[in-house]
$ cat start-v4.cif   # mmCIF, C-alpha atoms
data_upload
#
loop_
_atom_site.label_atom_id
_atom_site.label_comp_id
_atom_site.auth_asym_id
_atom_site.auth_seq_id
_atom_site.Cartn_x
_atom_site.Cartn_y
_atom_site.Cartn_z
CA MET A 280 0.00 0.00 0.00
CA ALA A 281 1.50 3.34 -1.08
CA LEU A 282 -0.52 5.38 1.39
CA GLU A 283 -0.94 4.15 4.90
CA LEU A 284 -4.63 4.72 5.57
CA VAL A 285 -4.87 2.57 8.67
CA LYS A 286 -3.29 4.23 11.69
CA SER A 287 -2.18 2.52 14.84
CA PRO A 288 -4.43 2.84 17.91
CA ILE A 289 -1.71 4.90 19.63
CA HIS A 290 -1.63 7.35 16.72
CA VAL A 291 -5.42 7.65 16.75
CA MET A 292 -5.38 8.38 20.49
CA GLU A 293 -2.72 11.07 19.99
CA CYS A 294 -4.87 12.68 17.28
CA VAL A 295 -7.93 12.58 19.54
CA ASP A 296 -5.94 14.16 22.37
CA GLU A 297 -4.70 16.92 20.06
CA LEU A 298 -8.24 17.59 18.86
CA ARG A 299 -9.55 17.74 22.42
CA LYS A 300 -6.83 20.23 23.32
CA LEU A 301 -7.71 22.40 20.32
CA LEU A 302 -11.38 22.32 21.25
CA SER A 303 -10.83 23.07 24.92
CA ASP A 304 -7.88 25.50 24.81
CA LYS A 305 -8.67 28.78 23.08
CA ASP A 306 -5.00 29.79 22.83
CA ALA A 307 -3.95 26.45 21.33
CA TYR A 308 -6.77 26.72 18.78
CA HIS A 309 -5.77 30.31 17.93
CA HIS A 310 -2.10 29.38 17.48
CA PHE A 311 -3.08 26.40 15.35
CA LEU A 312 -5.15 28.60 13.05
CA LEU A 313 -2.35 31.17 12.75
CA SER A 314 0.05 28.40 11.75
CA LEU A 315 -2.00 27.45 8.67
CA ASP A 316 -0.59 28.75 5.38
CA GLN A 317 -4.00 29.85 4.09
CA VAL A 318 -4.64 31.86 7.25
CA LYS A 319 -1.18 33.45 6.99
CA LEU A 320 -1.90 34.41 3.38
CA GLN A 321 -5.30 35.87 4.24
CA ASN A 322 -3.82 37.86 7.13
CA ASN A 323 -1.10 39.26 4.87
CA LEU A 324 -3.66 40.25 2.25
CA ARG A 325 -5.82 41.89 4.94
CA ASP A 326 -2.84 43.88 6.20
CA GLU A 327 -1.90 45.02 2.69
CA LEU A 328 -5.47 46.09 1.96
CA ARG A 329 -5.64 47.95 5.27
CA LYS A 330 -2.42 49.87 4.47
CA GLU A 331 -3.58 50.73 0.96
CA THR A 332 -6.99 51.84 2.24
CA LEU A 333 -5.38 54.14 4.81
CA GLU A 334 -3.07 55.61 2.15
CA LEU A 335 -6.00 56.20 -0.18
CA ALA A 336 -7.97 57.86 2.64
CA ARG A 337 -5.01 60.14 3.42
CA ARG A 338 -4.63 61.18 -0.22
CA THR A 339 -8.37 61.79 -0.54
CA TRP A 340 -8.41 63.84 2.67
CA LYS A 341 -5.46 65.97 1.49
CA ARG A 342 -7.07 66.54 -1.91
CA ASN A 343 -10.42 67.45 -0.35
CA HIS A 344 -8.73 69.67 2.23
CA GLY A 345 -6.85 71.45 -0.57
CA LEU A 346 -10.08 71.95 -2.51
CA TRP A 347 -11.82 73.28 0.61
CA SER A 348 -8.92 75.69 1.27
CA LEU A 349 -9.01 76.90 -2.35
CA GLU A 350 -12.78 77.30 -2.20
CA THR A 351 -12.64 79.39 1.01
CA SER A 352 -9.84 81.58 -0.35
CA VAL A 353 -11.89 82.34 -3.49
CA GLU A 354 -14.91 83.42 -1.44
#
$ encode --input "start-v4.cif" --output "structure tokens"
Amino acid sequence: MALELVKSPIHVMECVDELRKLLSDKDAYHHFLLSLDQVKLQNNLRDELRKETLELARRTWKRNHGLWSLETSVE
């Protein structure tokens, strides 16, 4: 058999113990999630989007502030 599908009883018990720990320990569950590649990727994308959104908001605010200043100086 190329893939070992049948696990030993000891291995199954270890897996069950790990699952119980993840279900009962919030910190262990959180660290497990953060260790997953897909979660790391999503967190990186979220951080990049957050930075770009803040930069866009700053540029928009500066442009609008400049327009407001120009408008008040014309009046």
$ atom_distance --input "start-v4.cif" --atom1 "CA of Ala336 (chain A)" --atom2 "CA of Ser348 (chain A)"
17.9 Å
$ atom_distance --input "start-v4.cif" --atom1 "CA of Arg342 (chain A)" --atom2 "CA of Arg325 (chain A)"
25.6 Å
$ closest_atom_pairs --input "start-v4.cif" --of "region 310-354 of chain A" --to "region 287-302 of chain A" --cutoff "10 Å" --atoms "all atoms listed in the file" --output "JSON lines"
{"residue": "A:His310", "atom": "CA", "partner": "A:Leu301", "partner_atom": "CA", "distance": 9.4}
{"residue": "A:Phe311", "atom": "CA", "partner": "A:Leu301", "partner_atom": "CA", "distance": 7.9}
{"residue": "A:Leu312", "atom": "CA", "partner": "A:Leu301", "partner_atom": "CA", "distance": 9.9}
$ atom_distance --input "start-v4.cif" --atom1 "CA of Thr332 (chain A)" --atom2 "CA of Trp347 (chain A)"
22.0 Å
$ build_atoms --input "start-v4.cif" --residues "region 301-312 of chain A" --atoms "all heavy atoms" --output "PDB file, in the frame of the given file"
ATOM      1  N   LEU A 301      -7.319  21.290  21.173  1.00  0.00           N
ATOM      2  CA  LEU A 301      -7.710  22.400  20.320  1.00  0.00           C
ATOM      3  C   LEU A 301      -9.127  22.887  20.640  1.00  0.00           C
ATOM      4  O   LEU A 301      -9.407  24.081  20.614  1.00  0.00           O
ATOM      5  CB  LEU A 301      -7.641  22.016  18.836  1.00  0.00           C
ATOM      6  CG  LEU A 301      -6.245  21.843  18.257  1.00  0.00           C
ATOM      7  CD1 LEU A 301      -6.345  21.361  16.819  1.00  0.00           C
ATOM      8  CD2 LEU A 301      -5.448  23.125  18.338  1.00  0.00           C
ATOM      9  N   LEU A 302     -10.000  21.954  20.949  1.00  0.00           N
ATOM     10  CA  LEU A 302     -11.380  22.320  21.250  1.00  0.00           C
ATOM     11  C   LEU A 302     -11.546  22.932  22.642  1.00  0.00           C
ATOM     12  O   LEU A 302     -12.452  23.728  22.863  1.00  0.00           O
ATOM     13  CB  LEU A 302     -12.291  21.097  21.114  1.00  0.00           C
ATOM     14  CG  LEU A 302     -12.474  20.591  19.679  1.00  0.00           C
ATOM     15  CD1 LEU A 302     -13.237  19.276  19.684  1.00  0.00           C
ATOM     16  CD2 LEU A 302     -13.165  21.621  18.813  1.00  0.00           C
ATOM     17  N   SER A 303     -10.676  22.587  23.546  1.00  0.00           N
ATOM     18  CA  SER A 303     -10.830  23.070  24.920  1.00  0.00           C
ATOM     19  C   SER A 303      -9.928  24.249  25.263  1.00  0.00           C
ATOM     20  O   SER A 303     -10.211  24.993  26.189  1.00  0.00           O
ATOM     21  CB  SER A 303     -10.566  21.926  25.908  1.00  0.00           C
ATOM     22  OG  SER A 303      -9.217  21.496  25.806  1.00  0.00           O
ATOM     23  N   ASP A 304      -8.848  24.436  24.507  1.00  0.00           N
ATOM     24  CA  ASP A 304      -7.880  25.500  24.810  1.00  0.00           C
ATOM     25  C   ASP A 304      -7.931  26.556  23.717  1.00  0.00           C
ATOM     26  O   ASP A 304      -7.475  26.328  22.595  1.00  0.00           O
ATOM     27  CB  ASP A 304      -6.477  24.888  24.917  1.00  0.00           C
ATOM     28  CG  ASP A 304      -5.415  25.887  25.332  1.00  0.00           C
ATOM     29  OD1 ASP A 304      -5.654  27.105  25.264  1.00  0.00           O
ATOM     30  OD2 ASP A 304      -4.322  25.424  25.714  1.00  0.00           O
ATOM     31  N   LYS A 305      -8.494  27.706  24.059  1.00  0.00           N
ATOM     32  CA  LYS A 305      -8.670  28.780  23.080  1.00  0.00           C
ATOM     33  C   LYS A 305      -7.337  29.239  22.480  1.00  0.00           C
ATOM     34  O   LYS A 305      -7.242  29.478  21.281  1.00  0.00           O
ATOM     35  CB  LYS A 305      -9.332  29.973  23.780  1.00  0.00           C
ATOM     36  CG  LYS A 305     -10.455  30.583  23.044  1.00  0.00           C
ATOM     37  CD  LYS A 305     -11.039  31.722  23.862  1.00  0.00           C
ATOM     38  CE  LYS A 305     -12.458  31.974  23.456  1.00  0.00           C
ATOM     39  NZ  LYS A 305     -13.070  33.073  24.138  1.00  0.00           N
ATOM     40  N   ASP A 306      -6.312  29.345  23.313  1.00  0.00           N
ATOM     41  CA  ASP A 306      -5.000  29.790  22.830  1.00  0.00           C
ATOM     42  C   ASP A 306      -4.384  28.773  21.869  1.00  0.00           C
ATOM     43  O   ASP A 306      -3.817  29.147  20.845  1.00  0.00           O
ATOM     44  CB  ASP A 306      -4.046  30.044  23.994  1.00  0.00           C
ATOM     45  CG  ASP A 306      -4.416  31.294  24.774  1.00  0.00           C
ATOM     46  OD1 ASP A 306      -5.038  32.207  24.184  1.00  0.00           O
ATOM     47  OD2 ASP A 306      -4.085  31.351  25.975  1.00  0.00           O
ATOM     48  N   ALA A 307      -4.487  27.499  22.201  1.00  0.00           N
ATOM     49  CA  ALA A 307      -3.950  26.450  21.330  1.00  0.00           C
ATOM     50  C   ALA A 307      -4.664  26.479  19.976  1.00  0.00           C
ATOM     51  O   ALA A 307      -4.029  26.364  18.924  1.00  0.00           O
ATOM     52  CB  ALA A 307      -4.093  25.078  21.978  1.00  0.00           C
ATOM     53  N   TYR A 308      -5.981  26.651  20.009  1.00  0.00           N
ATOM     54  CA  TYR A 308      -6.770  26.720  18.780  1.00  0.00           C
ATOM     55  C   TYR A 308      -6.350  27.934  17.952  1.00  0.00           C
ATOM     56  O   TYR A 308      -6.147  27.834  16.742  1.00  0.00           O
ATOM     57  CB  TYR A 308      -8.258  26.794  19.129  1.00  0.00           C
ATOM     58  CG  TYR A 308      -9.175  26.860  17.933  1.00  0.00           C
ATOM     59  CD1 TYR A 308      -9.424  25.722  17.171  1.00  0.00           C
ATOM     60  CD2 TYR A 308      -9.792  28.052  17.565  1.00  0.00           C
ATOM     61  CE1 TYR A 308     -10.269  25.765  16.073  1.00  0.00           C
ATOM     62  CE2 TYR A 308     -10.632  28.098  16.463  1.00  0.00           C
ATOM     63  CZ  TYR A 308     -10.866  26.965  15.725  1.00  0.00           C
ATOM     64  OH  TYR A 308     -11.694  27.011  14.631  1.00  0.00           O
ATOM     65  N   HIS A 309      -6.175  29.082  18.606  1.00  0.00           N
ATOM     66  CA  HIS A 309      -5.770  30.310  17.930  1.00  0.00           C
ATOM     67  C   HIS A 309      -4.394  30.153  17.284  1.00  0.00           C
ATOM     68  O   HIS A 309      -4.189  30.509  16.117  1.00  0.00           O
ATOM     69  CB  HIS A 309      -5.777  31.465  18.924  1.00  0.00           C
ATOM     70  CG  HIS A 309      -5.440  32.779  18.327  1.00  0.00           C
ATOM     71  ND1 HIS A 309      -6.308  33.465  17.500  1.00  0.00           N
ATOM     72  CD2 HIS A 309      -4.333  33.542  18.420  1.00  0.00           C
ATOM     73  CE1 HIS A 309      -5.737  34.578  17.099  1.00  0.00           C
ATOM     74  NE2 HIS A 309      -4.543  34.658  17.655  1.00  0.00           N
ATOM     75  N   HIS A 310      -3.445  29.589  18.022  1.00  0.00           N
ATOM     76  CA  HIS A 310      -2.100  29.380  17.480  1.00  0.00           C
ATOM     77  C   HIS A 310      -2.113  28.383  16.330  1.00  0.00           C
ATOM     78  O   HIS A 310      -1.371  28.543  15.351  1.00  0.00           O
ATOM     79  CB  HIS A 310      -1.138  28.924  18.577  1.00  0.00           C
ATOM     80  CG  HIS A 310      -0.802  30.014  19.543  1.00  0.00           C
ATOM     81  ND1 HIS A 310      -0.087  31.136  19.180  1.00  0.00           N
ATOM     82  CD2 HIS A 310      -1.096  30.178  20.843  1.00  0.00           C
ATOM     83  CE1 HIS A 310       0.045  31.939  20.218  1.00  0.00           C
ATOM     84  NE2 HIS A 310      -0.570  31.386  21.246  1.00  0.00           N
ATOM     85  N   PHE A 311      -2.956  27.359  16.446  1.00  0.00           N
ATOM     86  CA  PHE A 311      -3.080  26.400  15.350  1.00  0.00           C
ATOM     87  C   PHE A 311      -3.585  27.083  14.090  1.00  0.00           C
ATOM     88  O   PHE A 311      -3.026  26.898  13.006  1.00  0.00           O
ATOM     89  CB  PHE A 311      -4.031  25.261  15.753  1.00  0.00           C
ATOM     90  CG  PHE A 311      -4.388  24.357  14.612  1.00  0.00           C
ATOM     91  CD1 PHE A 311      -3.471  23.455  14.105  1.00  0.00           C
ATOM     92  CD2 PHE A 311      -5.648  24.428  14.030  1.00  0.00           C
ATOM     93  CE1 PHE A 311      -3.790  22.627  13.032  1.00  0.00           C
ATOM     94  CE2 PHE A 311      -5.985  23.601  12.962  1.00  0.00           C
ATOM     95  CZ  PHE A 311      -5.051  22.706  12.466  1.00  0.00           C
ATOM     96  N   LEU A 312      -4.620  27.904  14.221  1.00  0.00           N
ATOM     97  CA  LEU A 312      -5.150  28.600  13.050  1.00  0.00           C
ATOM     98  C   LEU A 312      -4.097  29.517  12.425  1.00  0.00           C
ATOM     99  O   LEU A 312      -3.938  29.567  11.210  1.00  0.00           O
ATOM    100  CB  LEU A 312      -6.377  29.425  13.424  1.00  0.00           C
ATOM    101  CG  LEU A 312      -7.671  28.666  13.603  1.00  0.00           C
ATOM    102  CD1 LEU A 312      -8.798  29.618  13.963  1.00  0.00           C
ATOM    103  CD2 LEU A 312      -8.036  27.880  12.363  1.00  0.00           C
TER     104      LEU A 312
END
